[in-house]
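**Student:** Below you will find the structure I want to go over with you.
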Amino acid sequence: MRTRAEYGRHDRVTLAGQGGIDSGGFSASLGGGYFSEDGISAFKDGGEADGYRQYAANGKIGLDLPGDVKIDLRGYYAHSRTELDGFPPPFFSFADTGDFSTAQEIFGYAGVKFPLFGWVLKNRLALTVSDINRDNYSAAGQAEPDFLARGRTERAEYVGDADLGQGLRSVFGLDHERSRFNDGFTFAKTHVSSGFAQIIWDMAPRLTLTGGARFDQHRDYGSQMTFSANAAWRASAGTIFRLSYGEGFKAPTLFQLNGSFGNARLKPEQSRSYEISAEQDLIGGRLKFGVAGFLRDSRDQIDFISCFGEATGICTDRPFGTYDNIDRSRSQGLEFSFIVNPAENFTFDANYSLIDSKDRNSGLALLRRPKHDANINAVWRPEKRFSLGASLQMTGDSFDTDFQTFTRTRLDGYVLLGFRASFDLTRDISLYGRIDNLGDENYETVSGYGNYRRTGHIGIRANF
């Protein structure tokens, strides 16, 4: 039995528990959780806090049958209430409101694993169902929602993993997915059938090659074939070089196509990506560093646009905005990582990303894509029962849409410092605490929306 209880600023309460049995080829577990907080105003300059509450439960059953057959059943349920801010009349600009949203989420999974031909071929069959119901209200006590959304996805899949000998392995599969959407006015559904195959070849003791292909047959967008290729070369015991190429295809979701924000003329996204990377271990693995460079070209990337002051074309009957395709976009950059363990009780890691994401037609940076991002983490265990940790996140400037003027605006970069500590009271009970945004930074990740200032939390974990 694992339990956790936590309390923090803004009356944040977290309660969670998970327990189960595992005996004689049968396992079962049941868990639940509760989370609530008073929150902060979603509108950055507002004074009314927007809270959140969620109840959740999950269950899992596993059964081992003769012939190495394994049954896996899982389920998840959550119900939440989120307070919102909106765009009230007469100016329809972002402001404090009494809006709130309720959501019910249900997820179910049933799978079976079994080997064939003496474990030469490993197989998995699975059925998955995901269901979400969302209702938005403009005031408490309102009988009918102002907006509702009902979504359901059903998926059946098979995955095989075959050992072909001579350093060859193949992973392949088939899947069929059905989706449907309903907002009270529009009912829509679609389906896609797919197949994929991948070959992994240990060509030499230090060289592995991988090639793959995927075929998608979409009801609304026809057939699409995509390919991928990877190579990994272990130049020495601690040195690895990698090359990769991949293609992507993503059809618009039913929500993006339909409803009060939908655009039925959307095209599917398509992309090609290239990456080269190197990793190096030194001092018996105590020191590791890596570098990677990548480039991704996308066609018809889907993004949300404002319709402020525009009532024609795709903005017809879409006063609050809609989805559109970005004809050509490119993301390219470099990523660096560093990990060092100078002593058994101390770990330090850092990473930095330099990413340039642009609309290739306009030359403008894509929204909400900071060019610079760096993270530093350190953990020190002065003794076995006690640990201290610190984290530093540094994010550069980015651009967004100002939801008051509906024009392009710059979001300033920010620095967030965090601190955490944990102490084992007994072998099974631990006390922990953390402080987030220690410097009390006032920052935005989305224009006009608030973020938490300095917050503190304390909690207890117990295993029985």
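Chain labels A, B, ... are given in the sequence in which chains occur in the structure tokens; within each chain residues are numbered consecutively from 1, and ligands are likewise numbered from 1 in the order shown.
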Using DSSP assignments from the backbone, pull out every residue in segment 14-217 of chain A that falls under strand (DSSP E) and give it to me as number ranges by chain.
**Tutor:** A: 14-23, 26-40, 50-65, 69-83, 100-116, 121-137, 147-165, 168-182, 187-204, 207-217
**Student:** Taking C-alpha atoms for each residue, export the selection above as a compact mmCIF listing (two decimals), in the first residue's frame.
**Tutor:**
# COMPACT_ATOMS: atom_id res chain seq x y z
CA THR A 14 -3.29 16.32 -2.65
CA LEU A 15 -4.35 12.88 -1.37
CA ALA A 16 -3.44 9.64 -3.16
CA GLY A 17 -3.36 5.95 -2.37
CA GLN A 18 -2.60 2.74 -4.24
CA GLY A 19 -2.83 -0.82 -2.96
CA GLY A 20 -2.96 -4.32 -4.34
CA ILE A 21 -2.07 -8.00 -4.23
CA ASP A 22 0.28 -10.19 -6.26
CA SER A 23 0.07 -13.93 -5.71
CA PHE A 26 -2.74 -13.12 -10.23
CA SER A 27 -2.26 -9.46 -9.44
CA ALA A 28 -4.72 -6.66 -8.79
CA SER A 29 -4.44 -3.07 -7.63
CA LEU A 30 -6.85 -0.27 -6.86
CA GLY A 31 -6.03 3.37 -6.35
CA GLY A 32 -7.62 6.75 -5.95
CA GLY A 33 -6.81 10.38 -5.50
CA TYR A 34 -8.17 13.79 -4.67
CA PHE A 35 -6.70 17.16 -5.64
CA SER A 36 -8.01 20.65 -4.96
CA GLU A 37 -6.74 24.19 -4.68
CA ASP A 38 -8.07 27.73 -4.55
CA GLY A 39 -5.72 28.65 -7.39
CA ILE A 40 -4.87 32.04 -8.85
CA ASP A 50 -9.80 30.31 -10.27
CA GLY A 51 -9.72 27.01 -8.42
CA TYR A 52 -9.52 23.41 -9.48
CA ARG A 53 -10.81 20.11 -8.05
CA GLN A 54 -10.44 16.53 -9.24
CA TYR A 55 -11.44 13.05 -8.02
CA ALA A 56 -9.76 10.08 -9.70
CA ALA A 57 -9.69 6.29 -9.43
CA ASN A 58 -7.78 3.57 -11.23
CA GLY A 59 -7.66 -0.21 -11.23
CA LYS A 60 -5.53 -2.94 -12.76
CA ILE A 61 -5.78 -6.74 -13.03
CA GLY A 62 -3.07 -9.05 -14.30
CA LEU A 63 -3.40 -12.79 -14.88
CA ASP A 64 -0.76 -15.33 -15.96
CA LEU A 65 -2.18 -18.27 -17.92
CA VAL A 69 -0.05 -15.99 -21.80
CA LYS A 70 -0.53 -12.77 -19.83
CA ILE A 71 -3.83 -10.88 -19.47
CA ASP A 72 -3.68 -7.16 -18.68
CA LEU A 73 -6.81 -5.15 -17.75
CA ARG A 74 -6.70 -1.48 -16.72
CA GLY A 75 -9.20 1.28 -16.05
CA TYR A 76 -9.11 4.96 -15.09
CA TYR A 77 -11.83 7.45 -14.12
CA ALA A 78 -11.57 11.15 -13.26
CA HIS A 79 -14.04 13.95 -12.63
CA SER A 80 -12.83 17.53 -12.43
CA ARG A 81 -14.10 21.10 -12.07
CA THR A 82 -11.96 23.97 -13.38
CA GLU A 83 -12.77 27.64 -12.83
CA PHE A 100 -16.14 27.13 -15.04
CA SER A 101 -15.80 23.78 -16.78
CA THR A 102 -16.54 20.23 -15.67
CA ALA A 103 -14.96 17.17 -17.25
CA GLN A 104 -15.44 13.43 -16.94
CA GLU A 105 -12.71 11.15 -18.30
CA ILE A 106 -12.91 7.37 -18.67
CA PHE A 107 -10.12 5.17 -20.00
CA GLY A 108 -10.14 1.40 -20.44
CA TYR A 109 -7.52 -1.05 -21.69
CA ALA A 110 -7.66 -4.81 -22.28
CA GLY A 111 -4.59 -6.60 -23.59
CA VAL A 112 -3.10 -10.05 -23.95
CA LYS A 113 0.53 -11.01 -24.52
CA PHE A 114 1.62 -14.41 -25.78
CA PRO A 115 4.69 -15.94 -27.44
CA LEU A 116 4.84 -18.24 -30.45
CA LEU A 121 7.69 -14.24 -31.96
CA LYS A 122 6.27 -12.15 -29.11
CA ASN A 123 2.74 -10.83 -29.61
CA ARG A 124 0.42 -8.27 -28.06
CA LEU A 125 -3.27 -7.72 -28.81
CA ALA A 126 -5.09 -4.81 -27.21
CA LEU A 127 -8.34 -2.85 -27.15
CA THR A 128 -8.41 0.72 -25.82
CA VAL A 129 -11.36 3.03 -25.15
CA SER A 130 -11.00 6.69 -24.22
CA ASP A 131 -14.05 8.82 -23.44
CA ILE A 132 -14.24 12.46 -22.33
CA ASN A 133 -17.28 14.65 -21.61
CA ARG A 134 -16.74 18.37 -21.06
CA ASP A 135 -19.30 21.10 -20.15
CA ASN A 136 -18.62 24.84 -19.86
CA TYR A 137 -20.82 27.17 -17.79
CA PHE A 147 -20.74 24.80 -24.46
CA LEU A 148 -20.32 21.05 -24.39
CA ALA A 149 -17.97 18.59 -26.03
CA ARG A 150 -18.21 14.81 -26.18
CA GLY A 151 -15.32 12.81 -27.55
CA ARG A 152 -14.66 9.09 -27.80
CA THR A 153 -11.80 7.09 -29.32
CA GLU A 154 -11.75 3.31 -29.74
CA ARG A 155 -8.58 1.55 -30.84
CA ALA A 156 -7.69 -2.06 -31.65
CA GLU A 157 -4.07 -3.00 -32.23
CA TYR A 158 -1.67 -5.87 -32.75
CA VAL A 159 2.11 -5.63 -32.26
CA GLY A 160 4.56 -8.41 -33.06
CA ASP A 161 8.25 -8.64 -32.18
CA ALA A 162 10.19 -11.31 -34.07
CA ASP A 163 13.77 -12.52 -33.58
CA LEU A 164 14.93 -13.33 -37.12
CA GLY A 165 18.42 -14.48 -36.14
CA LEU A 168 18.05 -9.22 -37.17
CA ARG A 169 14.86 -8.27 -35.36
CA SER A 170 11.52 -7.08 -36.71
CA VAL A 171 8.77 -5.14 -34.94
CA PHE A 172 5.50 -4.82 -36.86
CA GLY A 173 1.85 -4.17 -36.25
CA LEU A 174 -1.66 -3.25 -37.34
CA ASP A 175 -4.16 -0.90 -35.72
CA HIS A 176 -7.59 0.55 -36.37
CA GLU A 177 -8.87 3.66 -34.62
CA ARG A 178 -12.38 5.14 -34.60
CA SER A 179 -13.17 8.61 -33.25
CA ARG A 180 -16.35 10.56 -32.79
CA PHE A 181 -17.19 14.09 -31.65
CA ASN A 182 -20.35 15.92 -30.55
CA PHE A 187 -21.90 15.23 -34.85
CA ALA A 188 -18.77 13.95 -36.59
CA LYS A 189 -16.84 10.72 -36.79
CA THR A 190 -13.86 9.29 -38.62
CA HIS A 191 -11.54 6.30 -38.65
CA VAL A 192 -8.02 5.38 -39.69
CA SER A 193 -6.41 2.00 -40.32
CA SER A 194 -2.64 1.67 -40.13
CA GLY A 195 0.18 -0.80 -40.49
CA PHE A 196 3.87 -0.50 -39.74
CA ALA A 197 7.04 -2.55 -39.95
CA GLN A 198 10.50 -1.95 -38.55
CA ILE A 199 13.75 -3.86 -39.06
CA ILE A 200 16.55 -3.61 -36.48
CA TRP A 201 19.89 -4.99 -37.67
CA ASP A 202 22.94 -5.37 -35.45
CA MET A 203 25.16 -5.19 -38.52
CA ALA A 204 28.38 -5.31 -36.49
CA LEU A 207 26.81 -0.74 -35.39
CA THR A 208 23.00 -0.95 -35.35
CA LEU A 209 20.81 0.06 -38.29
CA THR A 210 17.04 0.55 -38.13
CA GLY A 211 14.58 1.13 -40.95
CA GLY A 212 10.83 1.51 -40.80
CA ALA A 213 7.72 2.24 -42.83
CA ARG A 214 4.15 3.11 -41.87
CA PHE A 215 0.99 3.13 -43.97
CA ASP A 216 -2.11 5.07 -42.89
CA GLN A 217 -5.48 4.81 -44.61
**Student:** In terms of the shortest atom-to-atom distance over only C-alpha atoms, which of A:Asn263, A:Asn377, A:Ser337, A:Asn351 is closest to Tyr323 of chain A?
**Tutor:**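 Smallest distance to Tyr323 of chain A is found for A:Asn263.
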**Student:** For segment 91-93 of chain A, please output as a list in words all residues within 6 Å (counting only C-alpha atoms; exclusion window: fewer than 3 positions along the same chain).
**Tutor:**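 Answer for this query is Phe87, Pro88 and Gln404 of chain A.
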**Student:** Out of A:Lys250, A:Arg219, A:Arg286, A:His372, which residue has the shortest atom-to-atom distance to Glu269 of chain A when counting only C-alpha atoms?
**Tutor:**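 Answer, going by the shortest atom-to-atom distance: A:Lys250.
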**Student:** Can you tell me, as a PyMOL selection string, what residues are no more than 9 Å from Leu266 of chain A when counting only C-alpha atoms, ignoring any on the same chain fewer than 3 positions away?
**Tutor:** chain A and resi 251-252+256-257+262-263+300+302+323-325
**Student:** Keeping only N, CA and C atoms, write the selected residues as a PDB file, in the first residue's frame.
**Tutor:**
ATOM      1  N   ALA A 251      -3.383  13.820 -39.199  1.00  0.00           N
ATOM      2  CA  ALA A 251      -4.658  14.368 -39.666  1.00  0.00           C
ATOM      3  C   ALA A 251      -5.232  15.311 -38.612  1.00  0.00           C
ATOM      4  N   PRO A 252      -5.988  16.326 -39.012  1.00  0.00           N
ATOM      5  CA  PRO A 252      -6.648  17.198 -38.033  1.00  0.00           C
ATOM      6  C   PRO A 252      -7.597  16.398 -37.144  1.00  0.00           C
ATOM      7  N   GLN A 256     -10.727  20.109 -34.199  1.00  0.00           N
ATOM      8  CA  GLN A 256     -10.146  21.136 -35.060  1.00  0.00           C
ATOM      9  C   GLN A 256     -10.949  21.333 -36.344  1.00  0.00           C
ATOM     10  N   LEU A 257     -11.670  20.305 -36.758  1.00  0.00           N
ATOM     11  CA  LEU A 257     -12.440  20.374 -38.000  1.00  0.00           C
ATOM     12  C   LEU A 257     -13.862  20.884 -37.801  1.00  0.00           C
ATOM     13  N   GLY A 262     -14.014  25.098 -35.301  1.00  0.00           N
ATOM     14  CA  GLY A 262     -13.481  24.217 -36.328  1.00  0.00           C
ATOM     15  C   GLY A 262     -13.328  24.859 -37.695  1.00  0.00           C
ATOM     16  N   ASN A 263     -12.463  24.256 -38.498  1.00  0.00           N
ATOM     17  CA  ASN A 263     -12.233  24.664 -39.884  1.00  0.00           C
ATOM     18  C   ASN A 263     -12.243  23.402 -40.735  1.00  0.00           C
ATOM     19  N   ASP A 300       1.853  22.541 -43.757  1.00  0.00           N
ATOM     20  CA  ASP A 300       0.468  22.619 -43.272  1.00  0.00           C
ATOM     21  C   ASP A 300       0.347  22.350 -41.772  1.00  0.00           C
ATOM     22  N   ILE A 302      -0.774  22.783 -38.151  1.00  0.00           N
ATOM     23  CA  ILE A 302      -2.053  23.318 -37.672  1.00  0.00           C
ATOM     24  C   ILE A 302      -1.819  24.211 -36.458  1.00  0.00           C
ATOM     25  N   TYR A 323      -8.955  27.350 -36.418  1.00  0.00           N
ATOM     26  CA  TYR A 323      -7.693  26.692 -36.741  1.00  0.00           C
ATOM     27  C   TYR A 323      -7.359  26.906 -38.213  1.00  0.00           C
ATOM     28  N   ASP A 324      -6.052  27.004 -38.506  1.00  0.00           N
ATOM     29  CA  ASP A 324      -5.603  27.184 -39.876  1.00  0.00           C
ATOM     30  C   ASP A 324      -4.273  26.462 -40.059  1.00  0.00           C
ATOM     31  N   ASN A 325      -3.906  26.257 -41.320  1.00  0.00           N
ATOM     32  CA  ASN A 325      -2.630  25.629 -41.646  1.00  0.00           C
ATOM     33  C   ASN A 325      -1.550  26.685 -41.858  1.00  0.00           C
TER      34      ASN A 325
END
**Student:** Which one of A:Gly24, A:Gly238, A:Pro370, A:Gly246 sits closest to Ser398 of chain A if you count only C-alpha atoms?
**Tutor:**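 The closest residue to Ser398 of chain A is A:Pro370.
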**Student:** Which is closer to Arg408 of chain A than all the others in A:Thr97, A:Asn361, A:Thr395, A:Ser447, using only C-alpha atoms?
**Tutor:**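 Result for the nearest residue to Arg408 of chain A: A:Ser447.
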**Student:** Which one is closest to Tyr443 of chain A: A:Asp412, A:Leu417, A:Leu431, A:Gly259? Count only C-alpha atoms.
**Tutor:** A:Asp412
**Student:** Just checking: using only C-alpha atoms, which residue out of A:Ala292, A:Ser391, A:Ala49, A:Ile376 ends up closest to Leu354 of chain A?
**Tutor:**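 Counting only C-alpha atoms, the residue closest to Leu354 of chain A is A:Ala292.
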